[in-house]
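Heads up, my_file.txt below (compact mmCIF, C-alpha atoms):
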```
# COMPACT_ATOMS: atom_id res chain seq x y z
CA MET A 907 -23.87 11.02 25.79
CA LYS A 908 -26.17 8.14 26.65
CA TYR A 909 -24.97 4.62 25.92
CA ARG A 910 -26.33 1.18 26.71
CA GLU A 911 -25.89 -2.40 25.55
CA ASN A 912 -28.05 -5.51 25.43
CA LYS A 913 -25.87 -8.61 25.72
CA ILE A 914 -26.83 -11.79 23.86
CA ASP A 915 -27.19 -15.27 25.33
CA GLY A 916 -27.72 -18.71 23.81
CA PHE A 917 -27.11 -19.85 20.25
CA LEU A 918 -27.17 -16.35 18.72
CA SER A 919 -24.27 -15.30 20.96
CA ASN A 920 -22.07 -17.25 18.55
CA PHE A 921 -22.88 -14.62 15.92
CA ILE A 922 -23.69 -11.45 17.90
CA GLN A 923 -21.65 -9.78 20.63
CA CYS A 924 -24.33 -7.27 21.63
CA PHE A 925 -26.88 -4.67 20.58
CA TRP A 926 -25.98 -1.09 21.47
CA GLU A 927 -27.68 2.31 21.57
CA TYR A 928 -25.91 5.67 21.56
CA ASP A 929 -27.65 9.04 21.97
CA ASN A 930 -25.68 12.21 21.23
CA LEU A 931 -27.75 14.83 23.01
CA THR A 932 -25.63 17.95 23.43
CA LYS A 933 -23.14 18.83 20.66
CA ASP A 934 -21.30 17.56 17.60
CA VAL A 935 -18.54 15.18 18.72
CA ASN A 936 -15.45 13.51 17.30
CA TYR A 937 -14.30 10.11 18.49
CA ILE A 938 -11.65 7.52 17.77
CA ILE A 939 -12.96 3.98 17.39
CA LEU A 940 -10.46 1.27 18.36
CA PRO A 941 -10.12 -2.21 16.79
CA ASP A 942 -12.16 -4.77 18.72
CA GLY A 943 -12.41 -7.88 16.51
CA HIS A 944 -16.03 -7.29 15.46
CA PHE A 945 -18.00 -5.45 12.79
CA ASP A 946 -21.23 -3.46 13.13
CA LEU A 947 -24.56 -2.89 11.45
CA ILE A 948 -25.57 0.68 12.35
CA PHE A 949 -28.96 2.40 12.14
CA GLU A 950 -28.79 6.21 12.22
CA ILE A 951 -31.88 8.04 13.49
CA ARG A 952 -32.53 11.77 12.97
CA ASN A 953 -35.67 13.44 14.32
CA ASN A 954 -37.05 10.03 15.31
CA GLU A 955 -36.79 8.77 11.72
CA LEU A 956 -34.35 6.29 10.22
CA SER A 957 -31.97 8.24 7.98
CA ASN A 958 -29.23 5.74 7.14
CA VAL A 959 -28.18 2.11 7.51
CA SER A 960 -24.51 1.21 7.22
CA LEU A 961 -22.26 -1.82 7.56
CA THR A 962 -18.71 -1.48 8.82
CA GLY A 963 -15.77 -3.61 7.92
CA VAL A 964 -13.45 -4.81 10.65
CA TRP A 965 -11.21 -2.13 12.13
CA THR A 966 -7.51 -3.02 12.12
CA LYS A 967 -6.45 0.52 13.04
CA PRO A 968 -7.95 3.48 14.95
CA ILE A 969 -10.74 5.17 12.97
CA LYS A 970 -11.91 8.77 13.41
CA VAL A 971 -15.67 9.34 13.39
CA HIS A 972 -17.86 12.44 13.61
CA ILE A 973 -21.35 12.32 15.14
CA ASP A 974 -23.77 15.23 14.80
CA ARG A 975 -25.79 16.57 17.70
CA ASP A 976 -29.22 14.99 18.25
CA ILE A 977 -28.27 11.81 16.41
CA LYS A 978 -29.22 8.43 17.79
CA LEU A 979 -27.27 5.38 16.66
CA ILE A 980 -28.45 1.82 17.20
CA GLY A 981 -26.09 -0.96 16.29
CA ILE A 982 -25.55 -4.70 16.24
CA ARG A 983 -21.99 -5.75 17.02
CA PHE A 984 -21.35 -8.98 15.12
CA LYS A 985 -18.71 -11.65 15.50
CA LEU A 986 -16.88 -12.46 12.29
CA ILE A 987 -18.68 -15.74 11.58
CA ALA A 988 -21.81 -13.64 10.91
CA VAL A 989 -20.22 -12.42 7.68
CA GLU A 990 -20.77 -15.81 6.09
CA TYR A 991 -23.97 -17.02 7.72
CA ILE A 992 -26.00 -13.84 8.21
CA PHE A 993 -24.69 -11.46 5.53
CA LYS A 994 -23.51 -14.21 3.17
CA GLN A 995 -20.77 -12.12 1.61
CA SER A 996 -17.15 -11.03 2.02
CA ILE A 997 -16.44 -7.76 3.83
CA LYS A 998 -12.77 -7.47 2.87
CA ASN A 999 -13.60 -4.64 0.46
CA ILE A 1000 -14.83 -2.47 3.34
CA LEU A 1001 -11.87 -3.11 5.64
CA ASN A 1002 -11.48 -0.03 7.89
CA THR A 1003 -14.42 1.72 6.24
CA THR A 1004 -18.21 1.44 5.85
CA THR A 1005 -20.79 0.90 3.15
CA ASP A 1006 -24.42 2.07 3.03
CA LEU A 1007 -27.25 -0.46 2.90
CA PRO A 1008 -30.93 -0.04 1.93
CA THR A 1009 -32.86 1.74 4.68
CA ASN A 1010 -35.29 -1.17 4.83
CA PHE A 1011 -32.53 -3.68 5.59
CA PHE A 1012 -33.95 -6.32 7.96
CA GLY A 1013 -37.35 -4.68 7.38
CA VAL A 1014 -36.73 -1.90 9.90
CA LYS A 1015 -37.72 1.20 7.91
CA ASN A 1016 -41.15 1.69 9.47
CA LEU A 1017 -40.34 0.46 12.96
CA SER A 1018 -40.19 2.63 16.06
CA PHE A 1019 -36.68 3.35 17.28
CA ASN A 1020 -37.84 4.71 20.63
CA ASP A 1021 -38.03 1.30 22.31
CA PHE A 1022 -34.57 -0.24 22.25
CA ASP A 1023 -35.60 -3.51 23.88
CA SER A 1024 -38.49 -4.10 21.47
CA LEU A 1025 -36.26 -3.32 18.49
CA THR A 1026 -33.64 -5.72 19.83
CA ASN A 1027 -36.22 -8.50 20.12
CA TYR A 1028 -37.49 -7.85 16.59
CA LEU A 1029 -33.98 -8.01 15.12
CA LEU A 1030 -33.14 -11.15 17.07
CA GLU A 1031 -36.22 -12.87 15.67
CA LYS A 1032 -35.31 -11.72 12.17
CA ILE A 1033 -31.74 -13.00 12.43
CA ASN A 1034 -32.76 -16.25 14.11
CA TYR A 1035 -35.28 -16.97 11.36
CA GLY A 1036 -32.58 -16.53 8.70
CA LEU A 1037 -30.18 -18.83 10.53
CA LYS A 1038 -32.85 -21.54 10.91
CA ASN A 1039 -33.15 -21.67 7.14
CA LEU A 1040 -29.46 -22.41 6.66
CA LYS A 1041 -28.78 -25.85 5.30
CA GLU A 1042 -25.55 -26.34 7.21
CA ILE A 1043 -22.95 -24.49 9.27
CA ASP A 1044 -19.36 -25.59 8.77
CA ASN A 1045 -18.37 -26.96 12.19
CA ARG A 1046 -14.72 -26.10 11.59
CA LYS A 1047 -15.54 -22.41 11.26
CA PHE A 1048 -18.00 -22.53 14.13
CA LYS A 1049 -15.36 -24.05 16.42
CA LEU A 1050 -12.61 -21.76 15.10
CA PHE A 1051 -14.41 -18.56 16.07
CA GLU A 1052 -15.60 -20.03 19.35
CA LEU A 1053 -11.98 -20.73 20.31
CA LEU A 1054 -10.72 -17.37 19.08
CA TYR A 1055 -13.23 -15.29 21.04
CA GLU A 1056 -13.17 -17.47 24.17
CA ASN A 1057 -9.37 -17.38 24.34
CA LYS A 1058 -9.18 -13.71 23.29
CA GLY A 1059 -6.87 -14.59 20.42
CA ASN A 1060 -4.35 -16.24 22.72
CA LEU A 1061 -3.88 -19.45 20.74
CA LYS A 1062 -1.18 -20.04 18.15
CA VAL A 1063 -2.18 -20.71 14.57
CA ASN A 1064 -0.94 -24.30 14.66
CA GLU A 1065 -2.88 -24.94 17.90
CA LEU A 1066 -6.08 -23.69 16.31
CA ALA A 1067 -5.48 -25.74 13.18
CA GLU A 1068 -5.10 -28.91 15.25
CA LYS A 1069 -8.20 -28.23 17.33
CA VAL A 1070 -10.52 -27.52 14.39
CA PHE A 1071 -8.97 -30.03 11.92
CA TRP A 1072 -8.34 -27.32 9.34
CA SER A 1073 -4.90 -26.46 7.99
CA SER A 1074 -3.32 -23.12 8.93
CA ARG A 1075 -2.91 -22.30 5.23
CA GLN A 1076 -6.62 -22.83 4.61
CA ILE A 1077 -7.58 -20.77 7.66
CA ASN A 1078 -5.41 -17.87 6.54
CA ARG A 1079 -6.80 -18.07 3.01
CA TYR A 1080 -10.32 -17.97 4.46
CA PHE A 1081 -9.51 -14.92 6.60
CA ASN A 1082 -7.91 -13.00 3.74
CA GLN A 1083 -10.75 -13.80 1.35
CA LYS A 1084 -13.59 -12.99 3.74
CA PHE A 1085 -12.18 -10.20 5.92
CA GLY A 1086 -9.03 -8.82 4.26
CA PHE A 1087 -6.40 -9.73 6.87
CA SER A 1088 -4.62 -12.74 8.34
CA LEU A 1089 -5.59 -14.91 11.29
CA LYS A 1090 -2.55 -13.61 13.19
CA THR A 1091 -3.73 -10.02 12.78
CA PHE A 1092 -7.18 -10.96 14.06
CA SER A 1093 -5.72 -12.79 17.07
CA ASN A 1094 -3.57 -9.76 17.94
CA ILE A 1095 -6.61 -7.47 17.71
CA LEU A 1096 -8.56 -9.72 20.08
CA LYS A 1097 -5.67 -9.65 22.56
CA CYS A 1098 -5.50 -5.87 22.33
CA ASN A 1099 -9.26 -5.55 22.76
CA SER A 1100 -9.13 -7.74 25.88
CA SER A 1101 -6.89 -5.14 27.55
CA TYR A 1102 -9.19 -2.12 27.04
CA PHE A 1103 -11.18 -2.54 30.24
CA GLU A 1104 -8.04 -2.85 32.38
CA ILE A 1105 -6.49 0.16 30.62
CA ALA A 1106 -9.66 2.22 31.15
CA SER A 1107 -9.57 1.19 34.83
CA GLY A 1108 -5.95 2.29 35.19
CA GLN A 1109 -4.24 -1.10 35.09
CA LEU A 1110 -1.36 -0.36 32.72
CA PHE A 1111 0.76 -3.46 33.29
CA PRO A 1112 0.94 -6.24 30.69
CA GLN A 1113 -1.85 -8.77 30.46
CA GLN A 1114 -1.10 -12.50 30.56
CA TYR A 1115 -1.07 -12.51 26.76
CA TYR A 1116 2.08 -10.35 26.46
CA PHE A 1117 5.72 -11.19 27.12
CA ASP A 1118 6.54 -8.04 29.08
CA GLN A 1119 5.74 -4.34 29.44
CA ALA A 1120 7.59 -3.35 26.25
CA HIS A 1121 5.73 -5.95 24.19
CA PHE A 1122 2.41 -4.86 25.71
CA ILE A 1123 2.99 -1.18 24.86
CA LYS A 1124 4.23 -1.97 21.35
CA GLU A 1125 1.23 -4.15 20.46
CA VAL A 1126 -1.34 -1.78 21.96
CA LYS A 1127 0.18 1.17 20.10
CA LYS A 1128 0.33 -0.82 16.85
CA TYR A 1129 -3.44 -1.29 16.76
CA THR A 1130 -4.68 1.80 18.63
CA GLY A 1131 -2.10 4.41 17.64
CA SER A 1132 -1.63 5.28 21.34
CA THR A 1133 0.21 3.96 24.36
CA PRO A 1134 -1.74 2.38 27.25
CA GLY A 1135 -1.08 5.54 29.30
CA GLU A 1136 -2.52 7.79 26.60
CA LEU A 1137 -5.55 5.53 26.27
CA HIS A 1138 -6.15 5.62 30.02
CA LYS A 1139 -6.04 9.42 30.15
CA ASN A 1140 -8.66 9.40 27.35
CA LYS A 1141 -8.42 13.17 26.99
CA ASN A 1142 -11.78 14.71 26.04
CA ASP A 1143 -13.29 11.20 26.04
CA ARG A 1144 -12.03 10.79 22.49
CA PHE A 1145 -11.71 6.99 22.71
CA LEU A 1146 -15.38 6.08 22.62
CA GLN A 1147 -15.05 2.43 23.68
CA LEU A 1148 -12.99 3.33 26.74
CA SER A 1149 -15.60 5.85 27.80
CA THR A 1150 -18.45 3.39 27.39
CA LEU A 1151 -16.65 0.40 28.94
CA LEU A 1152 -16.90 1.88 32.40
CA THR A 1153 -20.56 2.84 32.05
CA SER A 1154 -22.16 -0.04 30.04
```
Any chance you could put this one into structure tokens?
Amino acid sequence: MKYRENKIDGFLSNFIQCFWEYDNLTKDVNYIILPDGHFDLIFEIRNNELSNVSLTGVWTKPIKVHIDRDIKLIGIRFKLIAVEYIFKQSIKNILNTTTDLPTNFFGVKNLSFNDFDSLTNYLLEKINYGLKNLKEIDNRKFKLFELLYENKGNLKVNELAEKVFWSSRQINRYFNQKFGFSLKTFSNILKCNSSYFEIASGQLFPQQYYFDQAHFIKEVKKYTGSTPGELHKNKNDRFLQLSTLLTS
């Protein structure tokens, strides 16, 4: 397995977490993907040619995936605000699943997928151009997601509502309509995701976001299906994010 990421800086980092590239060089593999509070646009390359483009929903539970040998995957990991301002649609209907998109999505069909950095730059320009043509971005939503990701979900609903001047009822309605789950669920996923690096590194004690060890274990197991100890062991490298966290 070869894996790398290109992190994003500046204005576009409000919409994109990173670009990633995964090469499966040796054999067919099965992985479990853990909830991380993002969604992905994925380009699948077979024999140096684009074979499929897919969009994931948000994962709220562990998802099993199979990847064939000699497949390259290139993806864009988006923050949730991108649903509205880049894709301009709801993704609640693909919660915990994926949908196929046209192979020429973002005009990539005839591009070379051998130069990850050049492809990243092309896609950034494409996305930036689309955002420049937006008439307006709702500052409440912009601030909401900024606070959620910066604080790793560790703000109460009423605190968020006060900070962004948007009622908790309206925020929850927005989340359910656009993504298919509540704000509380999303906050809990962000907290869980924030613990993955420590778990992968062998730090199995509760993070600052949890009351105690029992609460930590319960919440991690709720969203990953496994205890922190089982995640750390990562038998057969089946938890893909934990394997890549220590190498990216």
**Item:** Surrounding residues of Trp965 in chain A excluding itself and chain neighbours under 3 positions, 8 Å, all atoms listed in the file, as a PyMOL selection string
**Value:** chain A and resi 940-945+968-969+1001-1003
Find the residues around Tyr1035 in chain A up to 12 Å (all atoms listed in the file counted), leave out those fewer than 3 positions away in its own chain, and share them as a PDB file with C-alpha atoms, in the frame of the given file.
```
ATOM      1  CA  LEU A 918     -27.170 -16.350  18.720  1.00  0.00           C
ATOM      2  CA  TYR A 991     -23.970 -17.020   7.720  1.00  0.00           C
ATOM      3  CA  ILE A 992     -26.000 -13.840   8.210  1.00  0.00           C
ATOM      4  CA  PHE A1012     -33.950  -6.320   7.960  1.00  0.00           C
ATOM      5  CA  TYR A1028     -37.490  -7.850  16.590  1.00  0.00           C
ATOM      6  CA  LEU A1029     -33.980  -8.010  15.120  1.00  0.00           C
ATOM      7  CA  LEU A1030     -33.140 -11.150  17.070  1.00  0.00           C
ATOM      8  CA  GLU A1031     -36.220 -12.870  15.670  1.00  0.00           C
ATOM      9  CA  LYS A1032     -35.310 -11.720  12.170  1.00  0.00           C
ATOM     10  CA  LYS A1038     -32.850 -21.540  10.910  1.00  0.00           C
ATOM     11  CA  ASN A1039     -33.150 -21.670   7.140  1.00  0.00           C
ATOM     12  CA  LEU A1040     -29.460 -22.410   6.660  1.00  0.00           C
TER      13      LEU A1040
END
```
**Item:** Spatial neighbours of Leu956 in chain A, 10 Å, all atoms listed in the file, chain gap at least 3 places, as a list in words
**Value:**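 Within the cut-off, the hits are Phe949, Glu950, Ile951, Arg952, Asn953, Val959, Lys978, Leu979, Thr1009, Asn1010, Val1014, Lys1015, Asn1016, Leu1017, Ser1018 and Phe1019 of chain A.
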**Prompt:** Expressed in Å to a single decimal, how great is the separation between CA of Glu927 in chain A and CA of Phe1022 in chain A?
**Reply:**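 The value is 7.4 Å.
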Would you mind listing, for every residue of range 1086-1153 of chain A within 12 Å of range 1044-1062 of chain A, the two atoms forming the shortest contact and the distance between them in Å to one decimal, using all atoms listed in the file, sorted by chain and ascending residue number, as a Markdown table?
```
| residue | atom | partner | partner_atom | distance |
| --- | --- | --- | --- | --- |
| A:Leu1089 | CA | A:Gly1059 | CA | 9.2 |
| A:Lys1090 | CA | A:Lys1062 | CA | 8.2 |
| A:Thr1091 | CA | A:Gly1059 | CA | 9.4 |
| A:Phe1092 | CA | A:Gly1059 | CA | 7.3 |
| A:Ser1093 | CA | A:Gly1059 | CA | 4.0 |
| A:Asn1094 | CA | A:Gly1059 | CA | 6.4 |
| A:Ile1095 | CA | A:Gly1059 | CA | 7.6 |
| A:Leu1096 | CA | A:Lys1058 | CA | 5.2 |
| A:Lys1097 | CA | A:Lys1058 | CA | 5.4 |
| A:Cys1098 | CA | A:Lys1058 | CA | 8.7 |
| A:Asn1099 | CA | A:Lys1058 | CA | 8.2 |
| A:Ser1100 | CA | A:Lys1058 | CA | 6.5 |
| A:Ser1101 | CA | A:Lys1058 | CA | 9.8 |
| A:Gln1113 | CA | A:Asn1060 | CA | 11.0 |
| A:Gln1114 | CA | A:Asn1060 | CA | 9.3 |
| A:Tyr1115 | CA | A:Asn1060 | CA | 6.4 |
| A:Tyr1116 | CA | A:Asn1060 | CA | 9.5 |
```
**Item:** Separation of CA of Pro1008 in chain A from CA of Val935 in chain A in Å
**Value:** 25.8 Å
**Request:** Name the closest residue to Phe1085 in chain A among the candidates A:Pro1112, A:Gln995, A:Lys970, A:Glu1136; distances are taken between atoms, counting only C-alpha atoms.
**Result:**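 Of the candidates, the smallest distance to Phe1085 in chain A is held by A:Gln995.
CA of Val1063 in chain A is positioned 23.5 Å from CA of Gln1119 in chain A.
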**Request:** Counting all atoms listed in the file, write as an MDAnalysis selection string all protein and nucleic acid residues lying at most 10 Å from (-18.7, -4.9, 2.2) in the file's frame.
**Result:** chainID A and resid 960:964 989 993 995:1001 1003:1007 1084:1085
**Asked** Which residue, A:Glu1065, A:Ile977, A:Asp929, A:Tyr909, has the smallest gap to Gln1147 in chain A when you use all atoms listed in the file?
**Response**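 Comparing A:Glu1065, A:Ile977, A:Asp929, A:Tyr909 against Gln1147 in chain A, the winner is A:Tyr909.
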**Request:** List the neighbours of Arg975 in chain A out to 6 Å using only C-alpha atoms; skip same-chain residues closer than 5 positions along the sequence, and give me the result as a list in words.
**Result:** Asn930, Leu931, Thr932, Lys933 and Asp934 of chain A
**Message:** So that I can check the surroundings of Phe1145 in chain A, please list as a list of chain:residue names every protein, DNA and RNA residue that reaches within 6 Å of it, counting only C-alpha atoms and ignoring chain neighbours fewer than 2 positions away.
**Reply:** A:Tyr937, A:Ile938, A:Asp1143, A:Gln1147, A:Leu1148
**Prompt:** Which residue, A:Phe1122, A:Leu1146, A:Phe1011, A:Asn1064, has the smallest gap to Met907 in chain A when you use all atoms listed in the file?
**Reply:**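 Smallest separation from Met907 in chain A among the options: A:Leu1146.
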**Item:** Nearest-residue call for Thr966 in chain A, choices A:Asn1140, A:Ser1088, A:Ser1149, A:Ser1107, using all atoms listed in the file
**Value:**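 Nearest candidate to Thr966 in chain A out of A:Asn1140, A:Ser1088, A:Ser1149, A:Ser1107: A:Ser1088.
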**Prompt:** Which one of A:Ile939, A:Ile922, A:Leu1137, A:Ile1077 sits closest to Thr1026 in chain A if you count all atoms listed in the file?
**Reply:**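 Nearest to Thr1026 in chain A: A:Ile922.
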Please produce range 1128-1150 of chain A, completed to N, CA, C and O atoms, as an mmCIF file, in the coordinates of the input.
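out_30.cif was written with the following content:
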```
data_model
loop_
_atom_site.group_PDB
_atom_site.id
_atom_site.type_symbol
_atom_site.label_atom_id
_atom_site.label_comp_id
_atom_site.auth_asym_id
_atom_site.auth_seq_id
_atom_site.Cartn_x
_atom_site.Cartn_y
_atom_site.Cartn_z
ATOM 1 N N LYS A 1128 0.429 -0.392 18.253
ATOM 2 C CA LYS A 1128 0.330 -0.820 16.850
ATOM 3 C C LYS A 1128 -1.105 -0.781 16.359
ATOM 4 O O LYS A 1128 -1.377 -0.377 15.224
ATOM 5 N N TYR A 1129 -2.045 -1.187 17.213
ATOM 6 C CA TYR A 1129 -3.440 -1.290 16.760
ATOM 7 C C TYR A 1129 -4.310 -0.104 17.191
ATOM 8 O O TYR A 1129 -5.380 0.100 16.612
ATOM 9 N N THR A 1130 -3.866 0.671 18.176
ATOM 10 C CA THR A 1130 -4.680 1.800 18.630
ATOM 11 C C THR A 1130 -4.071 3.157 18.276
ATOM 12 O O THR A 1130 -4.750 4.176 18.353
ATOM 13 N N GLY A 1131 -2.784 3.156 17.929
ATOM 14 C CA GLY A 1131 -2.100 4.410 17.640
ATOM 15 C C GLY A 1131 -1.689 5.168 18.886
ATOM 16 O O GLY A 1131 -1.138 6.268 18.794
ATOM 17 N N SER A 1132 -1.931 4.593 20.074
ATOM 18 C CA SER A 1132 -1.630 5.280 21.340
ATOM 19 C C SER A 1132 -1.049 4.289 22.342
ATOM 20 O O SER A 1132 -1.280 3.084 22.251
ATOM 21 N N THR A 1133 -0.318 4.807 23.294
ATOM 22 C CA THR A 1133 0.210 3.960 24.360
ATOM 23 C C THR A 1133 -0.905 3.667 25.366
ATOM 24 O O THR A 1133 -1.918 4.386 25.423
ATOM 25 N N PRO A 1134 -0.748 2.631 26.210
ATOM 26 C CA PRO A 1134 -1.740 2.380 27.250
ATOM 27 C C PRO A 1134 -1.984 3.592 28.143
ATOM 28 O O PRO A 1134 -3.122 3.869 28.528
ATOM 29 N N GLY A 1135 -0.929 4.347 28.465
ATOM 30 C CA GLY A 1135 -1.080 5.540 29.300
ATOM 31 C C GLY A 1135 -1.934 6.597 28.633
ATOM 32 O O GLY A 1135 -2.783 7.228 29.278
ATOM 33 N N GLU A 1136 -1.725 6.806 27.338
ATOM 34 C CA GLU A 1136 -2.520 7.790 26.600
ATOM 35 C C GLU A 1136 -3.980 7.350 26.507
ATOM 36 O O GLU A 1136 -4.905 8.173 26.603
ATOM 37 N N LEU A 1137 -4.183 6.053 26.319
ATOM 38 C CA LEU A 1137 -5.550 5.530 26.270
ATOM 39 C C LEU A 1137 -6.246 5.737 27.604
ATOM 40 O O LEU A 1137 -7.419 6.137 27.660
ATOM 41 N N HIS A 1138 -5.548 5.469 28.692
ATOM 42 C CA HIS A 1138 -6.150 5.620 30.020
ATOM 43 C C HIS A 1138 -6.553 7.061 30.299
ATOM 44 O O HIS A 1138 -7.631 7.316 30.854
ATOM 45 N N LYS A 1139 -5.711 8.003 29.932
ATOM 46 C CA LYS A 1139 -6.040 9.420 30.150
ATOM 47 C C LYS A 1139 -7.298 9.789 29.364
ATOM 48 O O LYS A 1139 -8.107 10.589 29.826
ATOM 49 N N ASN A 1140 -7.445 9.220 28.170
ATOM 50 C CA ASN A 1140 -8.660 9.400 27.350
ATOM 51 C C ASN A 1140 -9.098 10.866 27.339
ATOM 52 O O ASN A 1140 -10.252 11.193 27.648
ATOM 53 N N LYS A 1141 -8.167 11.729 26.983
ATOM 54 C CA LYS A 1141 -8.420 13.170 26.990
ATOM 55 C C LYS A 1141 -9.644 13.522 26.143
ATOM 56 O O LYS A 1141 -9.766 13.080 25.004
ATOM 57 N N ASN A 1142 -10.539 14.288 26.691
ATOM 58 C CA ASN A 1142 -11.780 14.710 26.040
ATOM 59 C C ASN A 1142 -12.677 13.539 25.644
ATOM 60 O O ASN A 1142 -13.520 13.662 24.737
ATOM 61 N N ASP A 1143 -12.494 12.409 26.332
ATOM 62 C CA ASP A 1143 -13.290 11.200 26.040
ATOM 63 C C ASP A 1143 -13.245 10.824 24.563
ATOM 64 O O ASP A 1143 -14.229 10.348 23.991
ATOM 65 N N ARG A 1144 -12.079 11.002 23.940
ATOM 66 C CA ARG A 1144 -12.030 10.790 22.490
ATOM 67 C C ARG A 1144 -12.044 9.315 22.090
ATOM 68 O O ARG A 1144 -12.392 8.991 20.965
ATOM 69 N N PHE A 1145 -11.651 8.426 23.014
ATOM 70 C CA PHE A 1145 -11.710 6.990 22.710
ATOM 71 C C PHE A 1145 -13.069 6.470 23.183
ATOM 72 O O PHE A 1145 -13.273 6.204 24.369
ATOM 73 N N LEU A 1146 -13.990 6.347 22.261
ATOM 74 C CA LEU A 1146 -15.380 6.080 22.620
ATOM 75 C C LEU A 1146 -15.533 4.788 23.421
ATOM 76 O O LEU A 1146 -16.232 4.750 24.428
ATOM 77 N N GLN A 1147 -14.866 3.699 22.971
ATOM 78 C CA GLN A 1147 -15.050 2.430 23.680
ATOM 79 C C GLN A 1147 -14.570 2.505 25.133
ATOM 80 O O GLN A 1147 -15.188 1.921 26.021
ATOM 81 N N LEU A 1148 -13.493 3.241 25.376
ATOM 82 C CA LEU A 1148 -12.990 3.330 26.740
ATOM 83 C C LEU A 1148 -13.943 4.104 27.626
ATOM 84 O O LEU A 1148 -14.083 3.803 28.822
ATOM 85 N N SER A 1149 -14.619 5.087 27.043
ATOM 86 C CA SER A 1149 -15.600 5.850 27.800
ATOM 87 C C SER A 1149 -16.821 5.002 28.135
ATOM 88 O O SER A 1149 -17.369 5.066 29.242
ATOM 89 N N THR A 1150 -17.250 4.182 27.186
ATOM 90 C CA THR A 1150 -18.450 3.390 27.390
ATOM 91 C C THR A 1150 -18.192 2.117 28.202
ATOM 92 O O THR A 1150 -19.107 1.605 28.856
#
```
